[in-house]
file query-v4.txt (compact mmCIF, C-alpha atoms)
# COMPACT_ATOMS: atom_id res chain seq x y z
CA MET H 1 -178.79 127.36 156.65
CA GLU H 2 -181.00 130.09 155.26
CA SER H 3 -178.92 132.94 156.66
CA ASP H 4 -175.79 131.53 155.04
CA SER H 5 -177.05 131.70 151.53
CA ALA H 6 -175.90 135.27 150.91
CA ARG H 7 -172.39 134.39 151.95
CA THR H 8 -172.17 131.22 149.93
CA PRO H 9 -173.06 132.26 146.43
CA HIS H 10 -171.02 129.58 144.74
CA LEU H 11 -171.72 126.54 146.79
CA ARG H 12 -174.43 124.02 146.13
CA ALA H 13 -175.68 121.05 148.04
CA ALA H 14 -174.62 117.74 146.63
CA PRO H 15 -177.11 115.09 145.53
CA PRO H 16 -178.45 112.59 145.72
CA PRO H 17 -180.21 113.00 149.05
CA ASP H 18 -180.90 109.31 149.38
CA GLY H 19 -177.23 108.48 148.93
CA ARG H 20 -177.67 106.64 145.65
CA PRO H 21 -175.04 107.37 143.01
CA SER H 22 -176.26 109.65 140.23
CA ALA H 23 -176.70 108.44 136.67
CA ASP H 24 -173.62 110.47 135.72
CA GLU H 25 -171.46 108.73 138.30
CA LEU H 26 -172.83 105.35 137.28
CA LEU H 27 -172.18 105.91 133.59
CA VAL H 28 -168.52 106.70 134.30
CA LEU H 29 -168.30 103.35 136.13
CA VAL H 30 -170.15 101.58 133.32
CA ALA H 31 -167.48 102.80 130.90
CA ARG H 32 -164.98 100.80 132.98
CA GLY H 33 -167.02 97.63 132.56
CA ASP H 34 -168.76 97.72 135.95
CA GLU H 35 -171.80 95.45 135.56
CA ASN H 36 -173.27 96.41 138.93
CA ALA H 37 -173.18 100.06 137.96
CA PHE H 38 -174.92 99.19 134.70
CA SER H 39 -177.63 97.36 136.59
CA ALA H 40 -178.11 100.39 138.87
CA LEU H 41 -178.16 102.69 135.85
CA TYR H 42 -180.81 100.47 134.28
CA GLU H 43 -183.06 101.08 137.29
CA GLN H 44 -182.72 104.82 136.82
CA VAL H 45 -183.25 105.10 133.08
CA ALA H 46 -185.14 102.03 131.82
CA SER H 47 -188.65 103.41 132.32
CA LYS H 48 -187.75 106.59 130.46
CA VAL H 49 -186.06 104.72 127.63
CA TYR H 50 -188.90 102.23 127.28
CA GLY H 51 -191.65 104.86 127.58
CA LEU H 52 -190.01 107.03 124.94
CA CYS H 53 -189.62 104.06 122.59
CA VAL H 54 -193.30 103.17 123.01
CA ARG H 55 -194.29 106.76 122.32
CA VAL H 56 -192.28 106.92 119.10
CA VAL H 57 -192.50 103.35 117.80
CA ARG H 58 -196.07 102.66 119.07
CA ASP H 59 -196.00 98.89 118.74
CA PRO H 60 -195.09 97.58 122.23
CA ALA H 61 -193.19 94.53 121.00
CA GLN H 62 -191.09 96.62 118.61
CA ALA H 63 -190.64 99.31 121.23
CA GLU H 64 -189.28 96.74 123.61
CA GLU H 65 -186.78 95.58 121.00
CA VAL H 66 -185.65 99.13 120.35
CA ALA H 67 -185.39 99.85 124.08
CA GLN H 68 -183.25 96.76 124.52
CA GLU H 69 -180.96 97.76 121.64
CA ALA H 70 -180.64 101.27 123.02
CA LEU H 71 -179.83 100.12 126.55
CA VAL H 72 -177.20 97.67 125.32
CA GLU H 73 -175.81 100.52 123.20
CA VAL H 74 -175.47 102.54 126.41
CA TRP H 75 -173.31 99.75 127.81
CA ARG H 76 -171.29 99.37 124.63
CA THR H 77 -170.55 103.06 124.04
CA ALA H 78 -170.40 104.33 127.64
CA SER H 79 -166.79 105.44 127.14
CA ARG H 80 -168.01 108.02 124.63
CA PHE H 81 -170.14 109.80 127.21
CA ASP H 82 -168.66 113.25 127.79
CA PRO H 83 -169.96 114.78 131.03
CA ALA H 84 -168.94 118.23 129.85
CA ARG H 85 -171.58 117.95 127.13
CA GLY H 86 -174.63 117.22 129.19
CA SER H 87 -175.98 114.79 131.75
CA ALA H 88 -176.03 111.01 131.53
CA ASN H 89 -179.81 111.13 131.47
CA SER H 90 -179.76 113.39 128.44
CA TRP H 91 -177.11 111.26 126.71
CA VAL H 92 -179.08 108.05 127.24
CA LEU H 93 -182.37 109.51 126.01
CA THR H 94 -180.69 111.09 122.99
CA LEU H 95 -179.32 107.69 122.06
CA ALA H 96 -182.67 105.96 122.63
CA HIS H 97 -184.55 108.57 120.62
CA ARG H 98 -182.17 108.19 117.69
CA ARG H 99 -182.71 104.43 117.73
CA ALA H 100 -186.49 104.79 117.90
CA VAL H 101 -186.51 107.28 115.03
CA ASP H 102 -184.30 105.01 112.92
CA ARG H 103 -186.82 102.24 113.48
CA VAL H 104 -189.90 104.20 112.44
CA ARG H 105 -188.17 105.69 109.41
CA SER H 106 -187.13 102.27 108.18
CA ALA H 107 -190.51 100.72 108.89
CA GLN H 108 -192.31 101.57 105.69
CA ALA H 109 -195.26 99.50 106.82
CA ALA H 110 -196.01 101.84 109.68
CA SER H 111 -199.26 103.59 109.17
CA GLU H 112 -198.76 107.30 108.64
CA ARG H 113 -202.13 108.05 110.12
CA ASP H 114 -201.35 106.18 113.33
CA ARG H 115 -198.12 108.00 113.71
CA ARG H 116 -199.64 111.35 113.18
CA ALA H 117 -202.49 110.73 115.57
CA ALA H 118 -200.05 109.63 118.22
CA ALA H 119 -197.65 112.47 117.75
CA THR H 120 -199.27 115.51 119.26
CA ALA H 121 -197.02 117.14 121.79
CA THR H 122 -199.16 116.41 124.75
CA VAL H 123 -198.13 114.41 127.74
CA ALA H 124 -200.10 111.21 128.07
CA PRO H 125 -203.14 111.53 130.35
CA TYR H 126 -202.98 110.54 133.94
CA ASP H 127 -202.08 106.92 134.33
CA GLU H 128 -201.51 105.64 137.80
CA VAL H 129 -198.74 103.18 137.13
CA ALA H 130 -196.85 105.32 134.64
CA GLU H 131 -197.26 108.29 136.90
CA GLU H 132 -195.47 106.49 139.69
CA VAL H 133 -192.61 105.69 137.40
CA ALA H 134 -192.17 109.06 135.81
CA GLY H 135 -192.66 111.15 138.87
CA ASN H 136 -195.74 113.23 139.06
CA LEU H 137 -193.99 116.57 139.30
CA GLU H 138 -191.78 116.07 136.28
CA ARG H 139 -194.71 115.05 134.13
CA GLN H 140 -196.75 118.00 135.32
CA ALA H 141 -193.91 120.41 134.69
CA VAL H 142 -193.44 119.20 131.13
CA ARG H 143 -197.17 119.28 130.49
CA ARG H 144 -197.48 122.80 131.83
CA CYS H 145 -194.53 124.06 129.77
CA LEU H 146 -195.81 122.44 126.57
CA GLY H 147 -199.04 124.30 127.21
CA ARG H 148 -197.18 127.59 127.05
CA LEU H 149 -195.97 127.04 123.50
CA THR H 150 -197.86 128.38 120.52
CA GLU H 151 -200.00 125.78 118.81
CA LEU H 152 -197.62 125.65 115.88
CA GLN H 153 -194.53 125.22 118.08
CA ASN H 154 -196.30 122.53 120.06
CA GLU H 155 -197.43 120.62 116.97
CA ALA H 156 -194.10 120.87 115.18
CA ILE H 157 -192.11 119.69 118.20
CA GLY H 158 -194.57 116.87 118.89
CA LEU H 159 -194.53 115.58 115.33
CA ALA H 160 -190.74 115.75 115.20
CA TYR H 161 -189.91 114.33 118.62
CA TYR H 162 -192.71 111.94 119.47
CA GLY H 163 -193.74 111.25 115.89
CA GLY H 164 -190.22 110.74 114.55
CA TYR H 165 -190.85 112.89 111.48
CA THR H 166 -188.19 114.95 109.77
CA TYR H 167 -188.82 118.68 109.70
CA ARG H 168 -189.50 118.35 105.95
CA GLN H 169 -192.27 115.87 106.68
CA VAL H 170 -193.55 118.14 109.44
CA SER H 171 -193.66 120.95 106.90
CA ASP H 172 -195.75 118.80 104.54
CA LEU H 173 -198.05 117.58 107.28
CA LEU H 174 -198.74 121.03 108.63
CA GLY H 175 -198.75 122.74 105.26
CA ILE H 176 -196.25 125.41 106.31
CA GLY H 177 -192.95 126.41 104.78
CA LEU H 178 -189.62 124.82 105.68
CA PRO H 179 -188.02 127.97 107.15
CA THR H 180 -191.04 128.46 109.40
CA VAL H 181 -190.92 124.87 110.63
CA LYS H 182 -187.22 125.13 111.39
CA THR H 183 -187.61 128.33 113.36
CA ARG H 184 -190.75 127.21 115.20
CA ILE H 185 -189.03 124.05 116.36
CA ARG H 186 -186.02 125.97 117.58
CA ASP H 187 -187.99 128.82 119.20
CA GLY H 188 -190.31 126.32 120.82
CA LEU H 189 -187.46 124.30 122.28
CA ILE H 190 -185.83 127.44 123.62
CA ARG H 191 -189.08 128.49 125.26
CA LEU H 192 -189.49 124.99 126.67
CA ARG H 193 -185.95 125.06 127.99
CA ASP H 194 -186.54 128.35 129.80
CA CYS H 195 -189.88 127.24 131.16
CA LEU H 196 -188.61 123.90 132.43
CA GLU H 197 -185.70 125.50 134.19
CA VAL H 198 -187.94 127.95 135.94
CA THR H 199 -190.54 125.46 137.05
CA GLY H 200 -188.03 122.68 137.69
CA MET X 201 -175.44 125.01 103.25
CA ASN X 202 -174.35 128.34 104.67
CA PRO X 203 -173.72 128.79 108.42
CA MET X 204 -176.97 130.70 108.89
CA ASP X 205 -179.00 127.81 107.49
CA VAL X 206 -177.08 125.34 109.55
CA HIS X 207 -177.68 127.30 112.69
CA THR X 208 -181.45 127.41 112.29
CA LEU X 209 -181.35 123.62 111.97
CA VAL X 210 -180.11 123.21 115.53
CA GLY X 211 -183.64 122.66 116.88
CA ALA X 212 -184.54 120.05 114.28
CA TYR X 213 -181.12 118.47 114.80
CA VAL X 214 -181.61 117.85 118.53
CA LEU X 215 -185.00 116.27 117.80
CA ASP X 216 -183.41 113.95 115.20
CA ALA X 217 -185.69 115.59 112.62
CA VAL X 218 -182.96 116.02 110.01
CA ASP X 219 -181.63 113.71 107.33
CA ASP X 220 -178.11 112.29 107.36
CA LEU X 221 -176.59 115.03 105.20
CA GLU X 222 -178.06 117.76 107.35
CA ARG X 223 -176.93 115.99 110.49
CA ALA X 224 -173.38 115.85 109.18
CA ALA X 225 -173.52 119.55 108.25
CA VAL X 226 -174.70 120.54 111.72
CA GLU X 227 -172.04 118.40 113.38
CA ARG X 228 -169.31 119.96 111.23
CA HIS X 229 -170.62 123.38 112.16
CA LEU X 230 -170.63 122.50 115.86
CA THR X 231 -166.95 121.66 115.96
CA GLY X 232 -166.13 125.30 115.25
CA CYS X 233 -168.87 127.01 117.27
CA ALA X 234 -168.69 126.83 121.06
CA GLU X 235 -171.88 128.83 121.44
CA CYS X 236 -173.81 126.40 119.24
CA THR X 237 -172.42 123.47 121.19
CA THR X 238 -173.80 124.98 124.38
CA GLU X 239 -177.16 125.52 122.70
CA VAL X 240 -177.23 121.93 121.49
CA THR X 241 -176.34 120.66 124.96
CA GLU X 242 -179.14 122.65 126.55
CA LEU X 243 -181.75 121.80 123.93
CA ARG X 244 -180.81 118.14 124.10
CA ALA X 245 -181.43 118.23 127.82
CA THR X 246 -184.78 119.87 127.06
CA ALA X 247 -185.68 117.15 124.57
CA ALA X 248 -184.65 114.57 127.16
CA ARG X 249 -187.21 116.07 129.53
CA LEU X 250 -189.86 115.44 126.86
CA GLY X 251 -188.58 111.89 126.61
CA GLY X 252 -188.58 111.42 130.37
CA ALA X 253 -192.17 112.64 130.59
CA ALA X 254 -193.20 109.68 128.43
CA ALA X 255 -191.79 107.18 130.94
CA ALA X 256 -193.69 103.94 131.33
CA PRO X 257 -192.96 100.77 133.30
CA PRO X 258 -190.75 98.50 131.19
CA PRO X 259 -191.88 94.90 130.65
CA PRO X 260 -190.63 92.58 133.41
CA GLY X 261 -188.31 90.52 131.22
CA LEU X 262 -186.46 93.48 129.74
CA ARG X 263 -184.00 93.96 132.58
CA ASP X 264 -182.65 90.42 132.46
CA ARG X 265 -182.38 90.44 128.69
CA VAL X 266 -180.53 93.76 128.65
CA LEU X 267 -178.10 92.71 131.38
CA ALA X 268 -177.48 89.34 129.75
CA GLU X 269 -176.83 90.90 126.36
CA ALA X 270 -174.54 93.53 127.88
CA ARG X 271 -172.55 90.77 129.57
CA ARG X 272 -171.70 89.29 126.18
CA THR X 273 -171.15 92.62 124.41
CA ARG X 274 -167.66 94.03 124.14
CA GLN X 275 -167.42 97.71 125.11
CA LEU X 276 -165.87 100.41 122.97
CA ALA X 277 -162.50 101.60 124.15
CA PRO X 278 -162.31 105.26 125.15
CA ALA X 279 -162.08 107.52 122.06
CA ALA X 280 -159.26 105.75 120.29
CA ARG X 281 -155.70 106.97 120.38
CA ILE X 282 -154.40 103.64 119.22
CA ALA X 283 -152.05 105.18 116.67
CA GLU X 284 -150.20 107.02 119.40
CA PRO X 285 -146.98 105.39 120.57
CA VAL X 286 -147.33 104.13 124.11
CA SER X 287 -144.68 106.37 125.61
CA SER X 288 -144.97 107.52 129.19
CA PRO X 289 -146.16 111.06 128.36
CA ALA X 290 -149.05 109.55 126.41
CA VAL X 291 -149.98 107.42 129.36
CA VAL X 292 -149.87 110.40 131.66
CA ARG X 293 -151.98 112.44 129.28
CA ARG X 294 -154.57 109.75 128.99
CA TRP X 295 -154.72 109.30 132.74
CA LYS X 296 -155.23 113.01 133.21
CA ALA X 297 -157.96 113.16 130.62
CA TRP X 298 -159.73 110.25 132.22
CA THR X 299 -159.53 111.78 135.65
CA ALA X 300 -160.84 115.06 134.33
CA ALA X 301 -163.83 113.23 132.90
CA ALA X 302 -164.53 111.48 136.17
CA VAL X 303 -164.27 114.69 138.13
CA ALA X 304 -166.39 116.48 135.57
CA ALA X 305 -169.02 113.79 136.04
CA ALA X 306 -169.06 114.59 139.72
CA VAL X 307 -169.35 118.30 138.98
CA ILE X 308 -172.26 117.79 136.63
CA ALA X 309 -173.94 115.42 139.06
CA VAL X 310 -173.70 117.98 141.84
CA SER X 311 -174.90 120.84 139.64
CA VAL X 312 -177.85 118.90 138.28
CA GLY X 313 -179.02 117.82 141.70
CA ALA X 314 -178.71 121.31 143.06
CA THR X 315 -181.01 122.74 140.42
CA THR X 316 -184.07 122.08 142.52
CA TYR X 317 -182.87 124.20 145.40
CA VAL X 318 -181.70 126.93 143.13
CA VAL X 319 -184.93 127.05 141.22
CA GLN X 320 -186.80 127.48 144.44
CA GLU X 321 -184.67 130.47 145.16
CA ARG X 322 -185.42 131.95 141.74
CA ARG X 323 -181.78 132.51 140.93
CA VAL X 324 -181.96 130.72 137.66
CA SER X 325 -180.01 133.10 135.49
CA THR X 326 -177.15 133.34 137.98
CA GLU X 327 -177.12 129.59 138.20
CA ARG X 328 -177.05 129.16 134.48
CA GLN X 329 -174.21 131.63 134.20
CA GLN X 330 -172.33 129.74 136.84
CA ALA X 331 -172.94 126.41 135.14
CA ALA X 332 -171.56 127.97 131.95
CA ASP X 333 -168.50 129.27 133.84
CA ILE X 334 -167.90 125.83 135.31
CA ARG X 335 -168.22 124.23 131.89
CA ALA X 336 -165.76 126.75 130.50
CA VAL X 337 -163.14 125.80 133.08
CA LEU X 338 -163.70 122.09 132.49
CA ALA X 339 -163.38 122.61 128.76
CA ALA X 340 -160.32 124.88 128.94
CA PRO X 341 -157.46 123.42 126.90
CA ASP X 342 -155.04 123.79 129.79
CA ALA X 343 -157.37 122.39 132.47
CA ARG X 344 -155.57 120.07 134.85
CA VAL X 345 -156.71 118.08 137.83
CA ILE X 346 -155.19 118.30 141.30
CA LEU X 347 -156.44 115.88 143.94
CA ALA X 348 -155.93 116.02 147.68
CA ASP X 349 -157.13 113.86 150.54
CA VAL X 350 -158.78 115.57 153.47
CA THR X 351 -157.65 114.84 157.03
CA GLY X 352 -160.37 112.71 158.59
CA GLY X 353 -161.80 111.54 155.25
CA GLY X 354 -163.07 112.72 151.89
CA ARG X 355 -161.38 114.40 149.01
CA VAL X 356 -160.88 117.76 147.35
CA SER X 357 -160.61 117.76 143.55
CA VAL X 358 -159.50 120.93 141.85
CA ILE X 359 -159.78 121.45 138.11
CA LYS X 360 -157.68 124.47 137.33
CA SER X 361 -157.17 126.49 134.20
CA ASP X 362 -154.06 128.65 134.55
CA GLN X 363 -154.97 130.63 131.46
CA ARG X 364 -158.31 131.62 132.94
CA GLY X 365 -157.00 131.91 136.50
CA GLU X 366 -160.07 129.94 137.55
CA ALA X 367 -160.72 126.61 139.16
CA VAL X 368 -163.64 124.34 139.86
CA VAL X 369 -163.35 122.83 143.33
CA VAL X 370 -165.26 119.65 144.12
CA MET X 371 -165.48 118.47 147.71
CA THR X 372 -166.80 115.00 148.34
CA ASP X 373 -167.56 112.98 151.46
CA LEU X 374 -165.90 115.33 153.92
CA PRO X 375 -166.06 114.23 157.58
CA GLU X 376 -169.47 114.67 159.25
CA VAL X 377 -170.11 118.03 160.88
CA GLY X 378 -173.07 119.43 162.80
CA ARG X 379 -175.20 122.14 161.22
CA ASP X 380 -173.43 124.71 163.37
CA ARG X 381 -170.14 124.01 161.60
CA ALA X 382 -169.22 124.59 157.98
CA TYR X 383 -166.38 123.81 155.62
CA GLN X 384 -164.60 126.85 154.23
CA LEU X 385 -162.05 127.34 151.46
CA TRP X 386 -159.08 129.69 151.70
CA THR X 387 -156.85 131.11 149.01
CA ILE X 388 -153.25 131.03 150.13
CA VAL X 389 -150.55 133.37 148.84
CA GLY X 390 -147.20 132.76 150.49
CA THR X 391 -148.23 132.27 154.11
CA ASN X 392 -151.34 134.47 153.99
CA ALA X 393 -154.75 132.83 153.89
CA THR X 394 -157.73 134.82 152.60
CA ALA X 395 -161.28 133.72 153.31
CA SER X 396 -163.06 132.25 150.30
CA ASN X 397 -166.31 130.35 149.80
CA VAL X 398 -168.13 128.72 152.69
CA MET X 399 -170.39 125.70 152.42
CA ALA X 400 -173.74 125.62 154.18
CA GLY X 401 -173.63 124.37 157.77
CA GLY X 402 -173.52 120.58 157.99
CA GLU X 403 -172.88 120.09 154.25
CA ARG X 404 -170.23 117.52 153.40
CA SER X 405 -170.12 117.71 149.61
CA GLY X 406 -170.29 120.58 147.18
CA VAL X 407 -168.87 122.20 144.11
CA THR X 408 -167.73 125.76 143.67
CA LEU X 409 -166.02 128.00 141.16
CA LEU X 410 -163.12 130.21 142.24
CA LYS X 411 -161.92 133.10 140.12
CA GLY X 412 -158.91 135.42 140.22
CA LEU X 413 -156.46 132.68 141.14
CA SER X 414 -153.54 133.81 138.96
CA SER X 415 -151.26 134.65 141.89
CA VAL X 416 -152.68 132.14 144.36
CA ASP X 417 -150.27 129.41 145.47
CA ALA X 418 -152.62 127.00 147.16
CA LEU X 419 -156.15 126.38 148.38
CA GLY X 420 -156.84 125.44 151.98
CA LEU X 421 -159.83 123.78 153.61
CA THR X 422 -160.84 124.25 157.24
CA ARG X 423 -163.81 123.61 159.50
CA GLU X 424 -165.35 126.84 160.81
CA PRO X 425 -168.44 127.99 162.67
CA ALA X 426 -171.44 127.99 160.28
CA GLY X 427 -171.30 131.08 158.08
CA GLY X 428 -167.51 131.03 157.93
CA SER X 429 -164.66 132.95 159.54
CA VAL X 430 -162.31 135.74 158.59
CA GLU X 431 -159.26 133.91 159.95
CA PRO X 432 -158.77 130.18 159.42
CA THR X 433 -159.30 127.87 162.39
CA LYS X 434 -156.50 125.32 162.64
CA PRO X 435 -155.94 122.58 161.71
CA VAL X 436 -155.95 122.98 157.95
CA LEU X 437 -157.69 119.81 156.74
CA ALA X 438 -156.33 119.96 153.23
CA ALA X 439 -153.82 122.16 151.43
CA VAL X 440 -153.84 121.91 147.66
CA PRO X 441 -150.97 123.49 145.73
CA ILE X 442 -152.50 124.90 142.56
CA ARG X 443 -149.67 126.94 141.09
CA ARG X 444 -147.85 125.29 138.26

call {"tool": "encode", "arguments": {"input": "query-v4.txt", "output": "structure tokens"}}
result
Amino acid sequence: MESDSARTPHLRAAPPPDGRPSADELLVLVARGDENAFSALYEQVASKVYGLCVRVVRDPAQAEEVAQEALVEVWRTASRFDPARGSANSWVLTLAHRRAVDRVRSAQAASERDRRAAATATVAPYDEVAEEVAGNLERQAVRRCLGRLTELQNEAIGLAYYGGYTYRQVSDLLGIGLPTVKTRIRDGLIRLRDCLEVTG
Amino acid sequence: MNPMDVHTLVGAYVLDAVDDLERAAVERHLTGCAECTTEVTELRATAARLGGAAAAPPPPGLRDRVLAEARRTRQLAPAARIAEPVSSPAVVRRWKAWTAAAVAAAVIAVSVGATTYVVQERRVSTERQQAADIRAVLAAPDARVILADVTGGGRVSVIKSDQRGEAVVVMTDLPEVGRDRAYQLWTIVGTNATASNVMAGGERSGVTLLKGLSSVDALGLTREPAGGSVEPTKPVLAAVPIRR
């Protein structure tokens, strides 16, 4: 109730509204070997894991392999998930990103030019199917917040996260010094963090 | 690498844009720096939002392959304490730790889901402070879990740090109530109950942080008119002793 809000400063409503267990709850069950929970968790995270792998790895067949490895890794190491250190969603995507980056760094054959072209920190243009999966609002929010970064922050974060480059490589690619790259990445992420929290 | 250098690497670290040596240096640094750990947690969540924004429909066969491979993959045991003798205190400790993790998962789940509402109310900084306070209680070295069933259904889970005199209270699946009724917590000292936090009318699950509990013996839960009462309405649906 609206009028109650002043009297209830410390209480929040509990999700999820549709009664489905959250990814965090599911991951705790997965750690106990619950295959049904893993299947439900798959439904919640697979599109994000796969989409991120495609973005970083580029080649769809390889991306699919990496996504599969990452998702099985979620199953295997679920007991290491520590809810005090972030959400299940964040934990899963951290793991998937690490896998994807390992793949592109070991794939010497990958064309540098392709990677660089693909790595700008923009959110992919409107795509009906993908949009349905990702949730329109989330995509818009991220796009809007990326737009509020400086060009250098945006480029450095894009090359590092979506391109899978180390900050040293980012420094070479952009022709700016290492200390600047380090600070731009950190400042940019902090700005992104603040922006995303505000705009949800 | 000096601590200053390591600290500026935090951004590159969460984007996996460091080499193995740098990663190890940052991780060593994190073990001794609570503030940095919080920063890493938050920036990781930010990076995950970038990842989530790239979502795309997975190929149709992926689900079956992942589930099949999981079925034949052995899971890691919880962070190993295999060297420890299996005496009863060890078992108790492990059980407590596990329960704390499960309850913490519920806390995080509730907090994350609530973000939307909070954001709409533009109380972001308060919320973030509160999330940090909740994390601090969960991470307190003396945090312990006290569980109580609620008359009529549902459960109250209290994670209390005696050192901090604070507790995180998680209420789940309480009995249905109309929007004109609300669940309210009470702090009980001896036989005196003092009004504490009230949930929104009709809400059946929630999480809250209580402070200043050093001399409080127990927490009580009652059903009250929406908005809460000054005196508890009987019956008390749950009484949770929290004093060690």

call {"tool": "closest_residue", "arguments": {"input": "query-v4.txt", "among": "X:Arg344, X:Arg423, X:Arg335, X:Arg271", "to": "X:Arg443", "atoms": "all atoms listed in the file"}}
result
X:Arg344

call {"tool": "residues_around", "arguments": {"input": "query-v4.txt", "residues": "X:Ile442", "least_positions_apart": "4", "cutoff": "8 Å", "atoms": "all atoms listed in the file", "output": "PyMOL selection string"}}
result
chain X and resi 346+360+416-419

call {"tool": "residues_around", "arguments": {"input": "query-v4.txt", "residues": "stretch 54-68 of chain H", "least_positions_apart": "6", "cutoff": "10 Å", "atoms": "all atoms listed in the file", "output": "ChimeraX atom specification"}}
result
/H:46-48,74,96-97,99-105,107,110,114-115,118-119,124,159-165 /X:251,254-256,258-259,261-263,265-267,269-270

call {"tool": "write_last_selection", "arguments": {"input": "query-v4.txt", "atoms": "C-alpha atoms", "output": "PDB file, in the coordinates of the input"}}
result
ATOM      1  CA  ALA H  46    -185.140 102.030 131.820  1.00  0.00           C
ATOM      2  CA  SER H  47    -188.650 103.410 132.320  1.00  0.00           C
ATOM      3  CA  LYS H  48    -187.750 106.590 130.460  1.00  0.00           C
ATOM      4  CA  VAL H  74    -175.470 102.540 126.410  1.00  0.00           C
ATOM      5  CA  ALA H  96    -182.670 105.960 122.630  1.00  0.00           C
ATOM      6  CA  HIS H  97    -184.550 108.570 120.620  1.00  0.00           C
ATOM      7  CA  ARG H  99    -182.710 104.430 117.730  1.00  0.00           C
ATOM      8  CA  ALA H 100    -186.490 104.790 117.900  1.00  0.00           C
ATOM      9  CA  VAL H 101    -186.510 107.280 115.030  1.00  0.00           C
ATOM     10  CA  ASP H 102    -184.300 105.010 112.920  1.00  0.00           C
ATOM     11  CA  ARG H 103    -186.820 102.240 113.480  1.00  0.00           C
ATOM     12  CA  VAL H 104    -189.900 104.200 112.440  1.00  0.00           C
ATOM     13  CA  ARG H 105    -188.170 105.690 109.410  1.00  0.00           C
ATOM     14  CA  ALA H 107    -190.510 100.720 108.890  1.00  0.00           C
ATOM     15  CA  ALA H 110    -196.010 101.840 109.680  1.00  0.00           C
ATOM     16  CA  ASP H 114    -201.350 106.180 113.330  1.00  0.00           C
ATOM     17  CA  ARG H 115    -198.120 108.000 113.710  1.00  0.00           C
ATOM     18  CA  ALA H 118    -200.050 109.630 118.220  1.00  0.00           C
ATOM     19  CA  ALA H 119    -197.650 112.470 117.750  1.00  0.00           C
ATOM     20  CA  ALA H 124    -200.100 111.210 128.070  1.00  0.00           C
ATOM     21  CA  LEU H 159    -194.530 115.580 115.330  1.00  0.00           C
ATOM     22  CA  ALA H 160    -190.740 115.750 115.200  1.00  0.00           C
ATOM     23  CA  TYR H 161    -189.910 114.330 118.620  1.00  0.00           C
ATOM     24  CA  TYR H 162    -192.710 111.940 119.470  1.00  0.00           C
ATOM     25  CA  GLY H 163    -193.740 111.250 115.890  1.00  0.00           C
ATOM     26  CA  GLY H 164    -190.220 110.740 114.550  1.00  0.00           C
ATOM     27  CA  TYR H 165    -190.850 112.890 111.480  1.00  0.00           C
TER      28      TYR H 165
ATOM     29  CA  GLY X 251    -188.580 111.890 126.610  1.00  0.00           C
ATOM     30  CA  ALA X 254    -193.200 109.680 128.430  1.00  0.00           C
ATOM     31  CA  ALA X 255    -191.790 107.180 130.940  1.00  0.00           C
ATOM     32  CA  ALA X 256    -193.690 103.940 131.330  1.00  0.00           C
ATOM     33  CA  PRO X 258    -190.750  98.500 131.190  1.00  0.00           C
ATOM     34  CA  PRO X 259    -191.880  94.900 130.650  1.00  0.00           C
ATOM     35  CA  GLY X 261    -188.310  90.520 131.220  1.00  0.00           C
ATOM     36  CA  LEU X 262    -186.460  93.480 129.740  1.00  0.00           C
ATOM     37  CA  ARG X 263    -184.000  93.960 132.580  1.00  0.00           C
ATOM     38  CA  ARG X 265    -182.380  90.440 128.690  1.00  0.00           C
ATOM     39  CA  VAL X 266    -180.530  93.760 128.650  1.00  0.00           C
ATOM     40  CA  LEU X 267    -178.100  92.710 131.380  1.00  0.00           C
ATOM     41  CA  GLU X 269    -176.830  90.900 126.360  1.00  0.00           C
ATOM     42  CA  ALA X 270    -174.540  93.530 127.880  1.00  0.00           C
TER      43      ALA X 270
END

call {"tool": "atom_distance", "arguments": {"input": "query-v4.txt", "atom1": "atom CA of X:Leu437", "atom2": "atom CA of H:Pro21"}}
result
25.4 Å

call {"tool": "residues_around", "arguments": {"input": "query-v4.txt", "residues": "X:Gly412", "least_positions_apart": "2", "cutoff": "9 Å", "atoms": "only C-alpha atoms", "output": "PDB file with C-alpha atoms, keeping the file's coordinate frame"}}
result
ATOM      1  CA  ARG X 364    -158.310 131.620 132.940  1.00  0.00           C
ATOM      2  CA  GLY X 365    -157.000 131.910 136.500  1.00  0.00           C
ATOM      3  CA  GLU X 366    -160.070 129.940 137.550  1.00  0.00           C
ATOM      4  CA  LEU X 410    -163.120 130.210 142.240  1.00  0.00           C
ATOM      5  CA  SER X 414    -153.540 133.810 138.960  1.00  0.00           C
ATOM      6  CA  SER X 415    -151.260 134.650 141.890  1.00  0.00           C
ATOM      7  CA  VAL X 416    -152.680 132.140 144.360  1.00  0.00           C
TER       8      VAL X 416
END

call {"tool": "atom_distance", "arguments": {"input": "query-v4.txt", "atom1": "atom CA of H:Thr150", "atom2": "atom CA of X:Thr238"}}
result
24.6 Å

call {"tool": "residues_around", "arguments": {"input": "query-v4.txt", "residues": "X:Gln275", "least_positions_apart": "2", "cutoff": "10 Å", "atoms": "all atoms listed in the file", "output": "PyMOL selection string"}}
result
(chain H and resi 30-33+72-79) or (chain X and resi 270-273+277-278)

call {"tool": "atom_distance", "arguments": {"input": "query-v4.txt", "atom1": "atom CA of X:Leu374", "atom2": "atom CA of X:Arg355"}}
result
6.7 Å

call {"tool": "closest_residue", "arguments": {"input": "query-v4.txt", "among": "H:Arg20, H:Arg168, H:Arg184, H:Arg139", "to": "chain X", "atoms": "all atoms listed in the file"}}
result
H:Arg139

call {"tool": "closest_residue", "arguments": {"input": "query-v4.txt", "among": "X:Asp220, X:Glu227, X:Asp362, X:Glu431", "to": "chain H", "atoms": "only C-alpha atoms"}}
result
X:Asp220
